[in-house]
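> Structure file target_17.pdb (PDB, C-alpha atoms, pLDDT in the B column) right here:
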ATOM      1  CA  MET A   1      79.188  86.276  95.442  1.00 57.00           C
ATOM      2  CA  SER A   2      81.839  84.211  93.702  1.00 87.00           C
ATOM      3  CA  ALA A   3      85.550  84.589  94.221  1.00 90.00           C
ATOM      4  CA  ALA A   4      85.932  85.834  90.637  1.00 90.00           C
ATOM      5  CA  ARG A   5      83.345  88.585  91.171  1.00 90.00           C
ATOM      6  CA  ASP A   6      84.985  89.510  94.470  1.00 90.00           C
ATOM      7  CA  ALA A   7      88.325  89.801  92.672  1.00 94.00           C
ATOM      8  CA  SER A   8      86.741  91.904  89.919  1.00 94.00           C
ATOM      9  CA  GLU A   9      85.228  94.237  92.493  1.00 94.00           C
ATOM     10  CA  ALA A  10      88.527  94.551  94.361  1.00 94.00           C
ATOM     11  CA  LEU A  11      90.409  95.319  91.147  1.00 95.00           C
ATOM     12  CA  ALA A  12      87.820  97.875  90.073  1.00 95.00           C
ATOM     13  CA  ASN A  13      87.975  99.469  93.514  1.00 95.00           C
ATOM     14  CA  ALA A  14      91.763  99.723  93.423  1.00 95.00           C
ATOM     15  CA  ALA A  15      91.916 101.026  89.849  1.00 96.00           C
ATOM     16  CA  SER A  16      89.179 103.595  90.376  1.00 96.00           C
ATOM     17  CA  GLY A  17      90.847 104.617  93.638  1.00 95.00           C
ATOM     18  CA  LEU A  18      94.013 105.462  91.759  1.00 95.00           C
ATOM     19  CA  VAL A  19      92.117 107.466  89.149  1.00 96.00           C
ATOM     20  CA  VAL A  20      90.052 109.334  91.757  1.00 95.00           C
ATOM     21  CA  SER A  21      93.139 110.092  93.862  1.00 94.00           C
ATOM     22  CA  LEU A  22      95.044 111.486  90.886  1.00 95.00           C
ATOM     23  CA  ALA A  23      92.036 113.587  89.892  1.00 95.00           C
ATOM     24  CA  LEU A  24      91.660 114.901  93.446  1.00 94.00           C
ATOM     25  CA  VAL A  25      95.335 115.858  93.633  1.00 93.00           C
ATOM     26  CA  TRP A  26      94.979 117.776  90.377  1.00 95.00           C
ATOM     27  CA  LEU A  27      91.744 119.469  91.512  1.00 94.00           C
ATOM     28  CA  LEU A  28      93.056 120.383  94.957  1.00 92.00           C
ATOM     29  CA  ARG A  29      96.209 121.876  93.480  1.00 92.00           C
ATOM     30  CA  ALA A  30      94.278 123.772  90.815  1.00 94.00           C
ATOM     31  CA  ALA A  31      91.863 125.142  93.418  1.00 92.00           C
ATOM     32  CA  GLY A  32      94.670 126.185  95.761  1.00 89.00           C
ATOM     33  CA  PHE A  33      93.650 123.832  98.564  1.00 84.00           C
ATOM     34  CA  TRP A  34      96.785 121.696  98.443  1.00 82.00           C
ATOM     35  CA  ASP A  35      98.345 123.809 101.228  1.00 88.00           C
ATOM     36  CA  ALA A  36      95.310 123.364 103.472  1.00 89.00           C
ATOM     37  CA  PRO A  37      95.848 121.684 106.863  1.00 93.00           C
ATOM     38  CA  ALA A  38      96.442 117.931 106.639  1.00 92.00           C
ATOM     39  CA  PRO A  39      93.107 117.010 108.293  1.00 94.00           C
ATOM     40  CA  VAL A  40      91.240 118.952 105.604  1.00 91.00           C
ATOM     41  CA  VAL A  41      93.080 117.277 102.733  1.00 90.00           C
ATOM     42  CA  GLY A  42      92.789 113.899 104.467  1.00 93.00           C
ATOM     43  CA  GLY A  43      89.073 114.457 104.975  1.00 95.00           C
ATOM     44  CA  VAL A  44      88.564 115.183 101.295  1.00 94.00           C
ATOM     45  CA  PHE A  45      90.355 111.981 100.312  1.00 95.00           C
ATOM     46  CA  PHE A  46      88.487 109.978 102.966  1.00 97.00           C
ATOM     47  CA  ALA A  47      85.083 111.225 101.804  1.00 97.00           C
ATOM     48  CA  ALA A  48      85.945 110.532  98.161  1.00 96.00           C
ATOM     49  CA  SER A  49      87.147 107.032  99.049  1.00 96.00           C
ATOM     50  CA  VAL A  50      83.984 106.155 100.975  1.00 96.00           C
ATOM     51  CA  ALA A  51      81.731 107.516  98.218  1.00 96.00           C
ATOM     52  CA  ARG A  52      83.675 105.671  95.504  1.00 96.00           C
ATOM     53  CA  ALA A  53      83.706 102.365  97.381  1.00 95.00           C
ATOM     54  CA  TYR A  54      79.987 102.655  98.193  1.00 96.00           C
ATOM     55  CA  ALA A  55      79.070 103.411  94.577  1.00 96.00           C
ATOM     56  CA  LEU A  56      81.148 100.510  93.267  1.00 95.00           C
ATOM     57  CA  ARG A  57      79.721  98.098  95.838  1.00 94.00           C
ATOM     58  CA  ARG A  58      76.163  99.076  94.903  1.00 95.00           C
ATOM     59  CA  TRP A  59      76.955  98.719  91.185  1.00 95.00           C
ATOM     60  CA  PHE A  60      78.467  95.268  91.657  1.00 93.00           C
ATOM     61  CA  ARG A  61      75.563  94.148  93.859  1.00 93.00           C
ATOM     62  CA  ARG A  62      73.004  95.293  91.261  1.00 93.00           C
ATOM     63  CA  ARG A  63      74.834  93.397  88.532  1.00 88.00           C
ATOM     64  CA  GLY A  64      75.130  90.168  90.444  1.00 74.00           C
TER      65      GLY A  64
END
Can you dump the structure from the file as structure tokens?

Amino acid sequence: MSAARDASEALANAASGLVVSLALVWLLRAAGFWDAPAPVVGGVFFAASVARAYALRRWFRRRG
């Protein structure tokens, strides 16, 4: 993969990470889970991050 495609993937990963994190904060607060123990909230963010990064990596690999 070229350096330009690597940079595009990294930028997409960072930008989508911000969007997903903001959406998760809103959803967790709306659902009343924001006061859950830190490991629970951390686990939710960890799982979302892994799923997002995996999906983006697969999408970029299919395109290139």
> Between atom CA of A:Arg57 and atom CA of A:Ala10, what is the spacing in Å?
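We find that atom CA of A:Ala10 and atom CA of A:Arg57 lie 9.6 Å from each other.
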> Tell me which of A:Arg52, A:Arg5, A:Arg63, A:Arg58 sits closest to A:Ser21, counting only C-alpha atoms.
A:Arg52
> Suppose you want the space between atom CA of A:Ala7 and atom CA of A:Ala55; what is it in Å?
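Interatomic distance here is 16.6 Å.
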> Quick one, how far is atom CA of A:Gly17 from atom CA of A:Ala48?
8.9 Å
> Name the residues in contact with A:Val41 at a cut-off of 12 Å, using all atoms listed in the file, excluding same-chain residues fewer than 2 positions from it; report them as number ranges by chain.
A: 21, 24-25, 27-29, 32-39, 43-48
> Could you state which residues are captured by the PyMOL selection byres ((chain A and resi 64) around 12) in this file, as a PDB file with C-alpha atoms, in the coordinates of the input?

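Result saved to selection.pdb:
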ATOM      1  CA  MET A   1      79.188  86.276  95.442  1.00 57.00           C
ATOM      2  CA  SER A   2      81.839  84.211  93.702  1.00 87.00           C
ATOM      3  CA  ALA A   4      85.932  85.834  90.637  1.00 90.00           C
ATOM      4  CA  ARG A   5      83.345  88.585  91.171  1.00 90.00           C
ATOM      5  CA  ASP A   6      84.985  89.510  94.470  1.00 90.00           C
ATOM      6  CA  SER A   8      86.741  91.904  89.919  1.00 94.00           C
ATOM      7  CA  GLU A   9      85.228  94.237  92.493  1.00 94.00           C
ATOM      8  CA  ARG A  57      79.721  98.098  95.838  1.00 94.00           C
ATOM      9  CA  ARG A  58      76.163  99.076  94.903  1.00 95.00           C
ATOM     10  CA  TRP A  59      76.955  98.719  91.185  1.00 95.00           C
ATOM     11  CA  PHE A  60      78.467  95.268  91.657  1.00 93.00           C
ATOM     12  CA  ARG A  61      75.563  94.148  93.859  1.00 93.00           C
ATOM     13  CA  ARG A  62      73.004  95.293  91.261  1.00 93.00           C
ATOM     14  CA  ARG A  63      74.834  93.397  88.532  1.00 88.00           C
TER      15      ARG A  63
END
> Please report, as JSON, the centre and edge lengths in Å to one decimal of an axis-aligned box covering all listed atoms of stretch 10-16 of chain A with 4 Å per side.

{"center_x": 89.9, "center_y": 99.1, "center_z": 92.1, "size_x": 12.1, "size_y": 17.0, "size_z": 12.5}
